[in-house]
Structures are given as structure tokens and as C-alpha cells.
$ cat start39.txt   # compact mmCIF, C-alpha atoms
# COMPACT_ATOMS: atom_id res chain seq x y z
CA MET A 1 12.93 2.70 -41.80
CA ALA A 2 12.10 1.91 -38.16
CA ALA A 3 12.97 4.46 -35.48
CA PRO A 4 15.52 3.55 -32.78
CA VAL A 5 13.86 1.55 -30.00
CA ARG A 6 13.25 3.90 -27.06
CA SER A 7 10.87 1.80 -24.98
CA VAL A 8 10.67 -1.96 -24.53
CA LEU A 9 7.55 -3.24 -22.75
CA PRO A 10 7.73 -6.85 -21.52
CA VAL A 11 4.20 -8.28 -21.18
CA VAL A 12 2.67 -11.28 -19.45
CA LEU A 13 -0.97 -11.88 -20.41
CA LEU A 14 -3.49 -13.50 -18.06
CA GLY A 15 -6.44 -14.84 -20.02
CA CYS A 16 -6.44 -15.81 -23.68
CA GLY A 17 -10.15 -15.88 -24.39
CA GLY A 18 -11.73 -13.56 -26.95
CA VAL A 19 -10.21 -10.31 -25.67
CA GLY A 20 -6.80 -11.84 -24.95
CA ARG A 21 -6.50 -13.39 -28.41
CA HIS A 22 -7.56 -10.15 -30.10
CA LEU A 23 -4.94 -8.32 -28.04
CA LEU A 24 -2.18 -10.66 -29.22
CA ARG A 25 -3.32 -10.21 -32.83
CA HIS A 26 -3.31 -6.42 -32.40
CA ILE A 27 0.22 -6.53 -30.97
CA VAL A 28 1.43 -8.50 -33.99
CA SER A 29 -0.41 -6.44 -36.61
CA CYS A 30 0.81 -3.15 -35.09
CA ARG A 31 4.51 -4.08 -35.09
CA PRO A 32 5.36 -1.75 -38.04
CA LEU A 33 3.44 1.16 -36.46
CA HIS A 34 5.11 0.68 -33.09
CA ALA A 35 8.54 0.26 -34.69
CA ASN A 36 8.12 3.67 -36.32
CA GLN A 37 7.29 5.06 -32.87
CA GLY A 38 10.37 3.47 -31.29
CA VAL A 39 8.31 1.08 -29.15
CA ALA A 40 8.62 -2.71 -28.84
CA ILE A 41 6.15 -4.96 -27.01
CA ARG A 42 7.63 -8.32 -26.02
CA VAL A 43 5.16 -11.02 -24.97
CA LEU A 44 7.02 -13.14 -22.43
CA GLY A 45 4.14 -15.26 -21.15
CA VAL A 46 0.49 -16.16 -21.72
CA ALA A 47 -1.74 -17.86 -19.17
CA ASP A 48 -5.16 -19.48 -19.47
CA SER A 49 -7.29 -20.81 -16.62
CA SER A 50 -5.07 -23.84 -16.00
CA SER A 51 -1.53 -23.15 -17.20
CA LEU A 52 1.14 -20.62 -18.14
CA LEU A 53 3.33 -20.67 -21.23
CA VAL A 54 6.45 -18.58 -20.63
CA ALA A 55 9.52 -17.74 -22.70
CA ASP A 56 12.69 -19.75 -21.98
CA ASP A 57 14.65 -16.53 -21.49
CA LEU A 58 12.83 -13.69 -19.73
CA HIS A 59 15.35 -11.18 -21.06
CA SER A 60 14.87 -12.29 -24.67
CA ASN A 61 12.59 -10.79 -27.29
CA GLY A 62 9.81 -13.04 -26.05
CA PHE A 63 7.56 -15.17 -28.25
CA ASP A 64 7.96 -14.59 -31.97
CA ASP A 65 4.93 -13.54 -33.99
CA ALA A 66 4.54 -16.96 -35.60
CA LEU A 67 4.21 -18.57 -32.17
CA LEU A 68 1.69 -15.92 -31.08
CA ALA A 69 -0.38 -16.61 -34.20
CA ASP A 70 -0.27 -20.35 -33.53
CA LEU A 71 -1.22 -19.74 -29.89
CA CYS A 72 -4.30 -17.75 -30.95
CA ALA A 73 -5.29 -20.45 -33.42
CA ALA A 74 -4.82 -23.20 -30.84
CA LYS A 75 -6.91 -21.46 -28.18
CA SER A 76 -9.62 -20.59 -30.74
CA ALA A 77 -9.81 -24.30 -31.56
CA GLY A 78 -10.05 -25.23 -27.88
CA SER A 79 -6.55 -26.73 -27.68
CA PRO A 80 -4.46 -26.42 -24.49
CA LEU A 81 -1.34 -24.27 -24.25
CA SER A 82 0.69 -27.48 -23.89
CA SER A 83 0.06 -28.15 -27.60
CA LEU A 84 2.60 -25.39 -28.37
CA LEU A 85 5.53 -26.86 -26.42
CA ALA A 86 6.91 -28.62 -29.48
CA ARG A 87 7.53 -25.21 -31.06
CA GLY A 88 10.35 -24.50 -28.60
CA GLN A 89 11.08 -21.02 -27.13
CA CYS A 90 8.91 -21.77 -24.09
CA GLN A 91 8.17 -23.68 -20.90
CA LEU A 92 4.82 -24.74 -19.45
CA PHE A 93 3.68 -24.40 -15.83
CA ASN A 94 0.40 -25.74 -14.47
CA ASN A 95 -2.03 -24.59 -11.77
CA THR A 96 -0.34 -23.34 -8.55
CA GLU A 97 3.04 -23.73 -10.27
CA ALA A 98 1.84 -21.27 -12.92
CA ARG A 99 0.79 -18.71 -10.32
CA ARG A 100 4.18 -18.99 -8.61
CA LYS A 101 5.97 -18.53 -11.93
CA VAL A 102 3.98 -15.36 -12.69
CA ILE A 103 5.01 -13.92 -9.31
CA ASP A 104 8.65 -15.00 -9.81
CA THR A 105 8.65 -13.35 -13.24
CA ALA A 106 7.19 -10.16 -11.76
CA SER A 107 9.83 -10.20 -9.04
CA VAL A 108 12.74 -10.63 -11.46
CA LEU A 109 11.58 -8.15 -14.11
CA GLY A 110 10.11 -5.65 -11.66
CA LYS A 111 13.64 -4.98 -10.42
CA THR A 112 15.26 -4.87 -13.87
CA THR A 113 13.46 -4.21 -17.14
CA GLY A 114 9.99 -3.74 -15.68
CA LEU A 115 6.89 -5.76 -16.58
CA VAL A 116 3.30 -5.12 -17.64
CA LEU A 117 0.94 -7.74 -16.22
CA VAL A 118 -2.20 -7.66 -18.38
CA ASP A 119 -5.41 -9.23 -17.05
CA CYS A 120 -7.90 -10.13 -19.78
CA SER A 121 -9.46 -12.94 -17.77
CA ALA A 122 -12.93 -12.85 -16.19
CA THR A 123 -12.13 -14.18 -12.73
CA TYR A 124 -11.48 -12.97 -9.18
CA ASP A 125 -8.60 -15.47 -8.94
CA THR A 126 -6.04 -13.04 -10.37
CA VAL A 127 -6.32 -10.52 -7.49
CA GLY A 128 -3.48 -12.05 -5.46
CA MET A 129 -1.10 -12.15 -8.42
CA LEU A 130 -1.92 -8.56 -9.36
CA LYS A 131 -1.27 -7.30 -5.82
CA ASP A 132 2.03 -9.20 -5.70
CA ALA A 133 2.99 -7.68 -9.05
CA VAL A 134 2.24 -4.20 -7.70
CA ASP A 135 4.50 -4.95 -4.70
CA CYS A 136 7.26 -5.92 -7.14
CA GLY A 137 7.02 -2.54 -8.88
CA CYS A 138 5.32 -3.90 -12.00
CA CYS A 139 2.67 -2.19 -14.06
CA VAL A 140 -0.86 -3.58 -14.34
CA VAL A 141 -3.38 -3.25 -17.18
CA LEU A 142 -6.90 -4.56 -16.69
CA ALA A 143 -9.79 -5.49 -18.93
CA ASN A 144 -11.06 -7.74 -16.12
CA LYS A 145 -13.43 -5.76 -13.88
CA LYS A 146 -13.49 -8.20 -10.98
CA PRO A 147 -10.18 -7.30 -9.27
CA LEU A 148 -11.41 -3.70 -8.96
CA THR A 149 -14.84 -4.69 -7.62
CA CYS A 150 -13.98 -7.07 -4.80
CA ALA A 151 -12.90 -5.79 -1.37
CA TYR A 152 -12.21 -2.05 -1.23
CA GLU A 153 -8.80 -2.79 0.30
CA ASP A 154 -7.86 -4.71 -2.87
CA PHE A 155 -8.98 -1.81 -5.08
CA GLU A 156 -6.98 0.60 -2.93
CA LYS A 157 -3.89 -1.60 -3.18
CA LEU A 158 -4.10 -1.94 -6.96
CA VAL A 159 -4.52 1.80 -7.59
CA SER A 160 -2.04 2.85 -4.86
CA ASN A 161 0.48 3.85 -7.54
CA PHE A 162 -1.83 5.32 -10.15
CA ARG A 163 1.03 5.91 -12.58
CA ARG A 164 1.50 2.14 -12.91
CA ILE A 165 -2.07 0.94 -13.49
CA ARG A 166 -4.46 1.37 -16.40
CA PHE A 167 -8.02 0.03 -16.50
CA GLU A 168 -9.82 2.00 -19.21
CA SER A 169 -11.26 -1.14 -20.78
CA THR A 170 -13.04 -2.23 -17.60
CA VAL A 171 -15.76 0.40 -18.07
CA GLY A 172 -16.23 1.40 -21.69
CA ALA A 173 -14.04 -0.95 -23.76
CA GLY A 174 -12.06 1.55 -25.85
CA LEU A 175 -13.99 4.68 -24.81
CA PRO A 176 -11.95 7.23 -22.78
CA VAL A 177 -14.25 7.23 -19.74
CA ILE A 178 -11.67 6.57 -17.01
CA ALA A 179 -9.19 9.00 -18.59
CA SER A 180 -11.82 11.74 -18.81
CA VAL A 181 -12.93 11.32 -15.20
CA THR A 182 -9.35 11.30 -13.86
CA ARG A 183 -8.39 14.37 -15.92
CA ILE A 184 -11.38 16.33 -14.63
CA ILE A 185 -10.62 15.35 -11.03
CA ALA A 186 -6.90 16.17 -11.46
CA SER A 187 -7.83 19.67 -12.68
CA GLY A 188 -9.54 20.40 -9.35
CA ASP A 189 -13.01 20.23 -10.89
CA PRO A 190 -15.08 17.94 -8.62
CA VAL A 191 -17.27 15.41 -10.43
CA SER A 192 -20.75 15.58 -8.91
CA ARG A 193 -22.59 13.01 -11.00
CA ILE A 194 -22.08 10.35 -13.66
CA VAL A 195 -24.98 8.87 -15.64
CA GLY A 196 -24.31 6.19 -18.22
CA SER A 197 -25.66 3.45 -20.40
CA LEU A 198 -22.78 1.03 -20.02
CA SER A 199 -24.17 -2.19 -21.48
CA GLY A 200 -24.15 -2.62 -25.24
CA THR A 201 -26.58 -5.51 -24.80
CA LEU A 202 -29.12 -3.58 -22.72
CA GLY A 203 -28.67 -0.45 -24.83
CA TYR A 204 -29.65 -2.45 -27.89
CA VAL A 205 -32.60 -4.10 -26.12
CA MET A 206 -34.01 -0.83 -24.77
CA SER A 207 -33.74 1.05 -28.07
CA GLU A 208 -35.43 -1.78 -29.98
CA LEU A 209 -38.39 -1.73 -27.58
CA GLU A 210 -39.26 1.77 -28.83
CA ASP A 211 -40.36 0.21 -32.13
CA GLY A 212 -43.10 -1.78 -30.36
CA LYS A 213 -41.23 -5.07 -30.37
CA LYS A 214 -41.74 -7.58 -27.59
CA PHE A 215 -39.04 -7.83 -24.94
CA SER A 216 -38.67 -11.60 -25.40
CA GLU A 217 -38.21 -11.24 -29.16
CA VAL A 218 -35.63 -8.47 -28.80
CA VAL A 219 -33.58 -10.44 -26.26
CA LYS A 220 -33.59 -13.52 -28.51
CA THR A 221 -32.51 -11.39 -31.48
CA ALA A 222 -29.72 -9.86 -29.38
CA LYS A 223 -28.57 -13.36 -28.48
CA SER A 224 -28.57 -14.44 -32.13
CA LEU A 225 -26.46 -11.38 -33.00
CA GLY A 226 -23.91 -12.34 -30.34
CA TYR A 227 -24.66 -9.31 -28.15
CA THR A 228 -25.57 -11.32 -25.04
CA GLU A 229 -23.76 -13.85 -22.92
CA PRO A 230 -24.68 -17.52 -23.60
CA ASP A 231 -27.20 -17.12 -20.77
CA PRO A 232 -28.83 -13.67 -21.38
CA ARG A 233 -29.63 -13.42 -17.67
CA ASP A 234 -25.97 -12.57 -17.12
CA ASP A 235 -26.75 -9.31 -18.94
CA LEU A 236 -30.33 -8.85 -17.76
CA SER A 237 -29.32 -9.10 -14.09
CA GLY A 238 -27.54 -5.75 -14.36
CA MET A 239 -24.51 -7.03 -12.45
CA ASP A 240 -22.04 -6.23 -15.22
CA VAL A 241 -23.26 -2.63 -15.29
CA ALA A 242 -23.10 -2.56 -11.48
CA ARG A 243 -19.41 -3.56 -11.56
CA LYS A 244 -18.65 -0.73 -13.98
CA ALA A 245 -20.60 1.70 -11.79
CA LEU A 246 -18.67 0.53 -8.73
CA ILE A 247 -15.34 1.18 -10.44
CA LEU A 248 -16.45 4.71 -11.35
CA ALA A 249 -17.83 5.37 -7.87
CA ARG A 250 -14.58 4.23 -6.26
CA LEU A 251 -12.65 6.40 -8.70
CA LEU A 252 -14.65 9.36 -7.33
CA GLY A 253 -13.51 8.44 -3.83
CA GLN A 254 -16.55 6.52 -2.61
CA GLN A 255 -15.45 3.68 -0.34
CA ILE A 256 -18.36 1.38 -1.21
CA SER A 257 -18.87 -2.24 -2.24
CA MET A 258 -21.35 -4.07 -4.45
CA GLU A 259 -23.72 -4.43 -1.48
CA ASN A 260 -24.10 -0.64 -1.41
CA ILE A 261 -25.38 -0.46 -5.00
CA ASN A 262 -29.11 -0.68 -5.67
CA VAL A 263 -29.31 -2.99 -8.72
CA GLU A 264 -32.55 -3.61 -10.61
CA SER A 265 -32.64 -7.01 -12.31
CA LEU A 266 -34.88 -7.31 -15.36
CA TYR A 267 -36.11 -10.73 -14.26
CA PRO A 268 -37.44 -12.00 -10.88
CA SER A 269 -35.68 -14.66 -8.83
CA GLU A 270 -38.26 -17.30 -9.87
CA LEU A 271 -36.89 -17.01 -13.41
CA GLY A 272 -33.26 -17.03 -12.25
CA PRO A 273 -30.49 -19.58 -12.91
CA ASP A 274 -31.26 -21.39 -9.66
CA ALA A 275 -34.88 -21.87 -10.69
CA MET A 276 -34.66 -22.80 -14.39
CA SER A 277 -32.17 -23.66 -17.12
CA THR A 278 -31.09 -21.27 -19.86
CA LYS A 279 -33.13 -23.28 -22.36
CA ASP A 280 -36.29 -23.05 -20.26
CA PHE A 281 -35.73 -19.34 -19.65
CA LEU A 282 -35.47 -18.67 -23.38
CA GLU A 283 -38.43 -20.88 -24.27
CA SER A 284 -40.91 -20.08 -21.52
CA GLY A 285 -39.43 -17.62 -19.01
CA LEU A 286 -38.68 -14.59 -21.18
CA VAL A 287 -42.22 -14.28 -22.51
CA GLN A 288 -43.49 -13.84 -18.93
CA LEU A 289 -41.65 -10.51 -18.81
CA ASP A 290 -43.23 -9.05 -21.96
CA LYS A 291 -46.32 -7.51 -20.39
CA SER A 292 -44.61 -5.67 -17.51
CA ILE A 293 -41.84 -4.31 -19.75
CA GLU A 294 -44.37 -3.23 -22.39
CA GLU A 295 -46.36 -1.33 -19.76
CA ARG A 296 -43.25 0.54 -18.63
CA VAL A 297 -42.29 1.41 -22.22
CA LYS A 298 -45.80 2.77 -22.88
CA ALA A 299 -45.88 4.75 -19.62
CA ALA A 300 -42.59 6.41 -20.54
CA SER A 301 -43.76 7.11 -24.09
CA LEU A 302 -46.91 8.90 -22.89
CA LYS A 303 -44.64 11.41 -21.14
CA GLY A 304 -42.44 11.84 -24.22
CA ASN A 305 -39.74 9.71 -22.63
CA VAL A 306 -37.92 6.47 -23.38
CA LEU A 307 -36.66 3.68 -21.13
CA ARG A 308 -32.93 3.19 -20.72
CA TYR A 309 -30.95 0.86 -18.45
CA VAL A 310 -28.52 3.22 -16.75
CA CYS A 311 -26.17 3.63 -13.83
CA LYS A 312 -26.35 6.80 -11.75
CA ILE A 313 -23.44 7.71 -9.48
CA GLU A 314 -23.98 10.64 -7.13
CA SER A 315 -22.69 11.69 -3.73
CA THR A 316 -25.85 10.25 -2.18
CA GLY A 317 -25.30 6.80 -3.63
CA CYS A 318 -25.13 4.58 -6.67
CA GLN A 319 -27.99 2.88 -8.44
CA VAL A 320 -28.40 0.74 -11.55
CA GLY A 321 -31.67 0.06 -13.34
CA LEU A 322 -34.38 1.28 -15.70
CA GLU A 323 -34.91 5.04 -15.98
CA GLU A 324 -37.32 7.17 -17.97
CA LEU A 325 -35.31 9.76 -19.92
CA PRO A 326 -36.20 12.49 -22.44
CA LYS A 327 -36.08 11.28 -26.03
CA ASN A 328 -33.85 14.20 -27.05
CA SER A 329 -31.24 13.63 -24.33
CA ALA A 330 -27.89 11.99 -25.12
CA LEU A 331 -29.04 8.77 -23.46
CA GLY A 332 -32.51 9.00 -24.97
CA ARG A 333 -31.12 9.29 -28.50
CA LEU A 334 -29.00 6.20 -28.00
CA ARG A 335 -29.58 3.48 -30.60
CA GLY A 336 -28.03 0.08 -31.09
CA SER A 337 -25.25 -1.25 -28.88
CA ASP A 338 -23.30 1.98 -28.31
CA ASN A 339 -22.42 3.17 -24.81
CA VAL A 340 -23.06 6.71 -23.60
CA VAL A 341 -21.68 8.37 -20.48
CA GLU A 342 -22.58 11.85 -19.14
CA ILE A 343 -20.12 13.42 -16.67
CA TYR A 344 -21.31 16.37 -14.56
CA SER A 345 -18.96 18.67 -12.65
CA ARG A 346 -18.60 22.34 -11.79
CA CYS A 347 -17.38 23.09 -15.32
CA TYR A 348 -19.83 20.64 -16.91
CA GLU A 349 -22.85 21.43 -14.75
CA SER A 350 -25.54 22.49 -17.22
CA ALA A 351 -24.04 20.79 -20.26
CA PRO A 352 -22.33 17.52 -19.26
CA LEU A 353 -19.31 16.03 -20.95
CA VAL A 354 -20.78 13.30 -23.17
CA ILE A 355 -18.76 10.31 -24.33
CA GLN A 356 -20.38 7.98 -26.87
CA GLY A 357 -19.27 5.11 -29.07
CA ALA A 358 -18.82 1.38 -29.29
CA GLY A 359 -18.52 0.14 -25.74
CA ALA A 360 -18.39 -3.60 -26.22
CA GLY A 361 -16.84 -6.32 -28.35
CA ASN A 362 -13.59 -8.25 -28.13
CA ASP A 363 -11.88 -6.24 -30.86
CA THR A 364 -12.78 -2.84 -29.38
CA THR A 365 -11.88 -3.93 -25.85
CA ALA A 366 -8.53 -5.38 -26.96
CA ALA A 367 -7.70 -2.13 -28.78
CA GLY A 368 -8.39 -0.28 -25.54
CA VAL A 369 -6.09 -2.64 -23.64
CA LEU A 370 -3.30 -2.13 -26.16
CA ALA A 371 -3.68 1.64 -25.86
CA ASP A 372 -3.38 1.29 -22.07
CA ILE A 373 -0.18 -0.76 -22.43
CA LEU A 374 1.35 1.85 -24.72
CA ASP A 375 0.31 4.61 -22.32
CA LEU A 376 2.84 3.17 -19.84
CA GLN A 377 5.82 3.29 -22.20
CA ASP A 378 7.51 6.29 -20.57
CA LEU A 379 7.95 4.28 -17.36
CA PHE A 380 10.17 1.71 -19.05
CA HIS A 381 13.89 1.69 -19.48
CA LYS A 382 15.09 3.45 -22.57
CA THR A 383 17.67 1.64 -24.68
CA ALA A 384 20.72 3.40 -26.04
$ encode --input "start39.txt" --output "C-alpha cells"
Amino acid sequence: MAAPVRSVLPVVLLGCGGVGRHLLRHIVSCRPLHANQGVAIRVLGVADSSSLLVADDLHSNGFDDALLADLCAAKSAGSPLSSLLARGQCQLFNNTEARRKVIDTASVLGKTTGLVLVDCSATYDTVGMLKDAVDCGCCVVLANKKPLTCAYEDFEKLVSNFRRIRFESTVGAGLPVIASVTRIIASGDPVSRIVGSLSGTLGYVMSELEDGKKFSEVVKTAKSLGYTEPDPRDDLSGMDVARKALILARLLGQQISMENINVESLYPSELGPDAMSTKDFLESGLVQLDKSIEERVKAASLKGNVLRYVCKIESTGCQVGLEELPKNSALGRLRGSDNVVEIYSRCYESAPLVIQGAGAGNDTTAAGVLADILDLQDLFHKTA
């Protein structure tokens, strides 16, 4: 028998790509669990890059589970949100009209039931909507790193009411990295240093190189396994790791931007997207990197070390790139696509707090987003 409903969380989702669709499936599959906990999540709207599908009545129970399942199937098949209008229950808004409707919804619900605006997109375009939602008293949950890595003023605005924002999934998917850092800081224990391998793709690539495999072969294998972006240079550039490092650095109080981070790309500009296509890079560009990477792997091995692609955040600055690390260290022992983060502080000076586990994948990231949504439940109106 379900427990009495204590918390109702109205949700509007921005972005229904891989992570967004997995989130909707998790919400549906977890209904019995949440019912036993006295929690109800009501999905009132879902937006993609061009439109917003929103419930006819914002104070209703939102989209039913059958509609959410059909929505996931439609988006997986490449169909537009408009294909669901015939189902009823909803209205469709396009482009600037959609943005205005999100803000109107935030304004209405922010003053009454409350609203969780969830950003699972991969764009900077949501920053304005998120800031408006914060002004309306709404909660924000992010899997999208970009709103937290643009201008520092935007970051400051979004985290101005820390009780109403969650962004665990921006750094380590479902790993409790953000929560651990904030708990340590809140206890009065200053964090002096964070070192992490925060790319499942590059973690896999670096660990495979230890077996004597060629860099080009390992990257192609990673692509075939679905570990990389369609263009592997998106991973090899290090920019995704740099965004995660920037979020952590800002969390520690550093008022810096991407320009302040020293990022080592694993390919030179002459092999970049402006110089050659993805196809040419895979066929003839990658192999040009084999010799230099092999030399660095061997040099590290001669010292009893291994190469890892890491971010280092210290009071003196933030850098992202290849590092030689002892084989028996937490980062040195890393295999496969797991993420590892070491947090150093006064209490964790000689033996850092180590967090390790799956740090990538739509399913894992969506589970982290759902956990963040549920973490906000105490802020919502309780029903009688």
C-alpha cells in the first residue's frame, strides 16, 4: 500500500536526448518506490531544441506514464514533439514562444506549488531561462555543464540560493563528488586540492595504452564501444574535463573562467576540426599521434609510473592534461571507463578522500539527475 503523498515535485525538462529520455524512463519505473516514500514527481513539460510540450493544466498530475513512454519512443526515432499532440493532455510551443512559456510556467508555479526546472540539454542557450527560474523561486537541477561554465556572474546567480540548485551530474554523473566537496567545506575543513580523472573516454584510452596498444587503435576501439563522441576530438581536446574542473574550482571559491585553465589537447591544431573532417582524422590523422604518445607512455613506465589524463585544482591554479602518476595510486590503478577523484583537505591531507565508480553514460547520469530532484523534496509543499 502506497504511503500518503507528502511531497509533490512538478518538473519541466529541458532536453530530451539520451540523458533526458533515460530520466523520464527512470521517473516512470520508480513510481512504486516513490509512492512508498510518499513522493510524487509530475512531469508538466518537456522541451527539445526547437519546441516545448506542456500539460494543458499546470496544476494537474502532468503527463501520464503512457504519454511519457510514447514521448521517449518518438524522440528515439527522431520524431518531433508535435507528433504527440494527437494524444491530448498537452499543448505545443515553438522557438521563442517555447522559451516564454517556460518562464511563464516558472513564474506561476514558483509562487504556488514550486517547480523543478531540469536541464539535460548540452547548450548555453538555457542560461537565461535558468536565471529567470531562479528569480521566480524555482529549483534547478543540472546535468548540462555549460550554464555553470560561462560567465562567472551567471554561475554566481545560479548558485545564489544553494538550497534550490543541484548539479551533481555535471561532474561525475552519479558519483557524489559535488556533495562530498560541499560537505567538507561546510564542516569548516578547507579543501586544498582536487585531482581527478573525470573522463570515462580518456580513462579508458590511457589505461589501454599500458598494454602496449597504439593510441590510434585504442581511440578507434573506444569509438566503436560508444565511449567517445561521434568526433573523438571532442573528447581528446580535454574541454569536457576542463568544464568539470571549472565547476569544481568555482565551488572552492575561485572566481575564474575557462581562459584561466591550462588545457592540454591530445591533438595539434593542424589535426583539428577546422583543418580536417572527422573521417580524415580517423583515417589518417590519428596515426600521426601514435609515436609521441608511445614515447610518453614508455618514459612514464621507466619510472614505474603510468600516464593519466587528469585535472588538478589547487589554490595556485587549475590545469588539465596528461600526468605521470604512480602505478599504485588511486588514479594509477584506474582501469576502464571509471572516474576517480581525490579530495585533499586538512582532515584528508595525507590520505585523500577517494571517490571512484562509473562516471559516464546516459543511464548513470540520468540516475544522478533523479537523485538530485528527489534531494529537493523537503522544499515542496506538503499535502494533507
$ closest_residue --input "start39.txt" --among "A:Leu85, A:Met129, A:Ala360, A:Leu53" --to "Thr201 (chain A)" --atoms "all atoms listed in the file"
A:Ala360
$ closest_residue --input "start39.txt" --among "A:Leu266, A:Cys139, A:Ala351, A:Ile313" --to "Gly285 (chain A)" --atoms "all atoms listed in the file"
A:Leu266
$ atom_distance --input "start39.txt" --atom1 "CA of Val218 (chain A)" --atom2 "CA of Asn328 (chain A)"
22.8 Å
$ closest_residue --input "start39.txt" --among "A:Tyr267, A:Phe167, A:Tyr227, A:Phe93" --to "Phe281 (chain A)" --atoms "all atoms listed in the file"
A:Tyr267
$ atom_distance --input "start39.txt" --atom1 "CA of Ala242 (chain A)" --atom2 "CA of Glu264 (chain A)"
9.5 Å
$ residues_around --input "start39.txt" --residues "region 161-164 of chain A" --least-positions-apart "3" --cutoff "9 Å" --atoms "all atoms listed in the file" --output "JSON, numbers by chain"
{"A": [116, 134, 137, 138, 139, 140, 141, 157, 158, 376, 379]}
$ residues_around --input "start39.txt" --residues "region 202-209 of chain A" --least-positions-apart "4" --cutoff "10 Å" --atoms "only C-alpha atoms" --output "number ranges by chain"
A: 197-198, 213-222, 227-228, 235-236, 238, 241, 293-294, 297-298, 306-310, 322, 331-340
$ residues_around --input "start39.txt" --residues "region 106-108 of chain A" --least-positions-apart "2" --cutoff "6 Å" --atoms "all atoms listed in the file" --output "MDAnalysis selection string"
chainID A and resid 103:104 110:111 133 136
$ residues_around --input "start39.txt" --residues "His59 (chain A)" --least-positions-apart "2" --cutoff "9 Å" --atoms "only C-alpha atoms" --output "ChimeraX atom specification"
/A:10,44,55,57,61-62,109,113
$ closest_residue --input "start39.txt" --among "A:Val341, A:Leu81, A:Leu23, A:Cys150" --to "Met258 (chain A)" --atoms "all atoms listed in the file"
A:Cys150
$ atom_distance --input "start39.txt" --atom1 "CA of Pro147 (chain A)" --atom2 "CA of Ala98 (chain A)"
18.8 Å
$ closest_residue --input "start39.txt" --among "A:Ala40, A:Ile185, A:Ile165, A:Val320" --to "Met239 (chain A)" --atoms "all atoms listed in the file"
A:Val320
$ residues_near_point --input "start39.txt" --point "(-12.5, -23.5, -27.9)" --cutoff "12 Å" --atoms "all atoms listed in the file" --output "PDB file with C-alpha atoms, in the frame of the given file"
ATOM      1  CA  CYS A  16      -6.440 -15.810 -23.680  1.00  0.00           C
ATOM      2  CA  GLY A  17     -10.150 -15.880 -24.390  1.00  0.00           C
ATOM      3  CA  GLY A  18     -11.730 -13.560 -26.950  1.00  0.00           C
ATOM      4  CA  ARG A  21      -6.500 -13.390 -28.410  1.00  0.00           C
ATOM      5  CA  ASP A  48      -5.160 -19.480 -19.470  1.00  0.00           C
ATOM      6  CA  CYS A  72      -4.300 -17.750 -30.950  1.00  0.00           C
ATOM      7  CA  ALA A  73      -5.290 -20.450 -33.420  1.00  0.00           C
ATOM      8  CA  ALA A  74      -4.820 -23.200 -30.840  1.00  0.00           C
ATOM      9  CA  LYS A  75      -6.910 -21.460 -28.180  1.00  0.00           C
ATOM     10  CA  SER A  76      -9.620 -20.590 -30.740  1.00  0.00           C
ATOM     11  CA  ALA A  77      -9.810 -24.300 -31.560  1.00  0.00           C
ATOM     12  CA  GLY A  78     -10.050 -25.230 -27.880  1.00  0.00           C
ATOM     13  CA  SER A  79      -6.550 -26.730 -27.680  1.00  0.00           C
ATOM     14  CA  PRO A  80      -4.460 -26.420 -24.490  1.00  0.00           C
ATOM     15  CA  LEU A  81      -1.340 -24.270 -24.250  1.00  0.00           C
TER      16      LEU A  81
END
$ closest_residue --input "start39.txt" --among "A:Ser329, A:Glu283, A:Ala249, A:Cys90" --to "Thr316 (chain A)" --atoms "all atoms listed in the file"
A:Ala249
$ residues_around --input "start39.txt" --residues "Gly361 (chain A)" --least-positions-apart "3" --cutoff "9 Å" --atoms "all atoms listed in the file" --output "list in words"
Gly18, Val19, Ala173, Gly200, Tyr227, Ala358, Thr364, Thr365 and Ala366 of chain A
$ axis_aligned_box --input "start39.txt" --around "region 358-372 of chain A" --padding-each-side "8 Å" --output "lines of an AutoDock Vina configuration file"
center_x = -11.1
center_y = -3.3
center_z = -26.5
size_x = 31.5
size_y = 25.9
size_z = 24.8
$ decode --input "start39.txt" --residues "region 85-89 of chain A" --atoms "all heavy atoms" --output "PDB file, in the first residue's frame"
ATOM      1  N   LEU A  85       0.876  15.531 -30.219  1.00  0.00           N
ATOM      2  CA  LEU A  85      -0.273  16.394 -29.943  1.00  0.00           C
ATOM      3  C   LEU A  85      -1.602  15.659 -30.017  1.00  0.00           C
ATOM      4  O   LEU A  85      -2.541  15.971 -29.279  1.00  0.00           O
ATOM      5  CB  LEU A  85      -0.278  17.586 -30.904  1.00  0.00           C
ATOM      6  CG  LEU A  85       0.642  18.755 -30.533  1.00  0.00           C
ATOM      7  CD1 LEU A  85       0.644  19.791 -31.642  1.00  0.00           C
ATOM      8  CD2 LEU A  85       0.199  19.379 -29.207  1.00  0.00           C
ATOM      9  N   ALA A  86      -1.686  14.684 -30.903  1.00  0.00           N
ATOM     10  CA  ALA A  86      -2.946  13.957 -31.079  1.00  0.00           C
ATOM     11  C   ALA A  86      -3.332  13.172 -29.827  1.00  0.00           C
ATOM     12  O   ALA A  86      -4.489  12.783 -29.662  1.00  0.00           O
ATOM     13  CB  ALA A  86      -2.834  13.008 -32.278  1.00  0.00           C
ATOM     14  N   ARG A  87      -2.374  12.946 -28.934  1.00  0.00           N
ATOM     15  CA  ARG A  87      -2.654  12.200 -27.706  1.00  0.00           C
ATOM     16  C   ARG A  87      -3.498  13.001 -26.713  1.00  0.00           C
ATOM     17  O   ARG A  87      -4.034  12.453 -25.757  1.00  0.00           O
ATOM     18  CB  ARG A  87      -1.327  11.827 -27.025  1.00  0.00           C
ATOM     19  CG  ARG A  87      -0.527  10.755 -27.740  1.00  0.00           C
ATOM     20  CD  ARG A  87      -1.223   9.407 -27.583  1.00  0.00           C
ATOM     21  NE  ARG A  87      -1.557   9.171 -26.196  1.00  0.00           N
ATOM     22  CZ  ARG A  87      -0.724   8.608 -25.324  1.00  0.00           C
ATOM     23  NH1 ARG A  87       0.467   8.216 -25.711  1.00  0.00           N
ATOM     24  NH2 ARG A  87      -1.098   8.415 -24.074  1.00  0.00           N
ATOM     25  N   GLY A  88      -3.586  14.328 -26.913  1.00  0.00           N
ATOM     26  CA  GLY A  88      -4.280  15.159 -25.936  1.00  0.00           C
ATOM     27  C   GLY A  88      -3.394  15.430 -24.731  1.00  0.00           C
ATOM     28  O   GLY A  88      -2.199  15.110 -24.733  1.00  0.00           O
ATOM     29  N   GLN A  89      -3.946  16.038 -23.684  1.00  0.00           N
ATOM     30  CA  GLN A  89      -3.265  16.366 -22.429  1.00  0.00           C
ATOM     31  C   GLN A  89      -2.275  17.521 -22.552  1.00  0.00           C
ATOM     32  O   GLN A  89      -1.731  17.967 -21.553  1.00  0.00           O
ATOM     33  CB  GLN A  89      -2.440  15.189 -21.868  1.00  0.00           C
ATOM     34  CG  GLN A  89      -3.119  13.892 -21.614  1.00  0.00           C
ATOM     35  CD  GLN A  89      -2.128  12.897 -21.007  1.00  0.00           C
ATOM     36  OE1 GLN A  89      -1.381  13.202 -20.080  1.00  0.00           O
ATOM     37  NE2 GLN A  89      -2.104  11.695 -21.546  1.00  0.00           N
TER      38      GLN A  89
END
